[in-house]
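To keep things clear, I will list the structure first and then write my remarks on it.
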Amino acid sequence: MTLRLIHRSTAMLLALFIVTHLTVHLFAVAGPDPHSTALTAVQWVYRNPVGEAVLVLAIIVQIITGASRLRYRRQRGWGLVQAISGTYLLIFLLLHPSAALYTHHLFGIETDFYWSAGSLYYDSIRYGFAVYYTLAIVAVFSHLGAAVHYNAPSLNRLATLMPAIGLLIGATIVLSIGGAFYPIDLPAEVASYYQQIFGVE
């Protein structure tokens, strides 16, 4: 099996997880309870030893194979978009799942709506996290757009729209979880976690 095929195979698995993950987060537009209901409906798939191990392995393989395939020299247009978005996704895949696993297994805190909301709750960290999350979603859709451009040229018009679609979805999720549409009160254990990790008040 070639490196390219391995990369594509794990990418398809992660794409399924990411689409599900983003769909769950879009339920936050309606409030914490719909988000929690949607999360509970899908979390059983990967919140078990086997599912979690498969997901973590797919992420590790994707990071290794993705890093080895990055090319910047002489890249233009969609090639450059693919390289930049891929780099950002590699960083995000290294940091975000690690933080979720660390929080859940070492602190015993559920990585649910309120854990996400905590990163957008405190003024000293909210703007950095807002950009971090939004750019991650833009990177996902930009990377998919590059894949569509190279593998389905007849859909190139859709490919050009995908970064903008990512920006719209990213902004919607961040605004929802950030409390733009309704007030959010963090549970005491989540507030304590953020105060301990980031020193926020």
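In the structure tokens, each chain is lettered A, B, ... as it comes, each chain's residues begin at 1, and ligands are numbered from 1 in order of appearance.
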Item to complete: Please provide the set of residues having any atom within 7 Å of A:His143, restricted to only C-alpha atoms, with same-chain residues fewer than 6 positions apart removed, written as a list in words.
Response: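 Residues near the query, excluding close chain neighbours: Gln82, Ser85 and Gly86 of chain A.
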Closest pair table for stretch 118-171 of chain A residues within 10 Å of stretch 8-23 of chain A, only C-alpha atoms, as JSON lines:
{"residue": "A:Ile137", "atom": "CA", "partner": "A:Leu22", "partner_atom": "CA", "distance": 8.6}
{"residue": "A:Val140", "atom": "CA", "partner": "A:Ile18", "partner_atom": "CA", "distance": 8.7}
{"residue": "A:Leu144", "atom": "CA", "partner": "A:Ala15", "partner_atom": "CA", "distance": 9.2}
{"residue": "A:Ile169", "atom": "CA", "partner": "A:Leu22", "partner_atom": "CA", "distance": 8.4}
{"residue": "A:Gly170", "atom": "CA", "partner": "A:Leu22", "partner_atom": "CA", "distance": 8.8}
Discussion item. Just list as a ChimeraX atom specification whatever in chain A DSSP marks as alpha helix (DSSP H).
Written reply: /A:3-26,32-46,49-69,78-106,113-118,123-151,156-177,188-198
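Distance annotation: of A:Leu94, A:Ala147, A:His105, A:Leu186, the residue with the minimal separation from A:Leu57 is A:Leu94; atom set is only C-alpha atoms.
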Worksheet entry | Residue nearest A:Gly128 among A:Val174, A:Arg4, A:Val29, A:Ala41 (counting only C-alpha atoms) |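 Among the listed residues, the smallest separation from A:Gly128 belongs to A:Val174.
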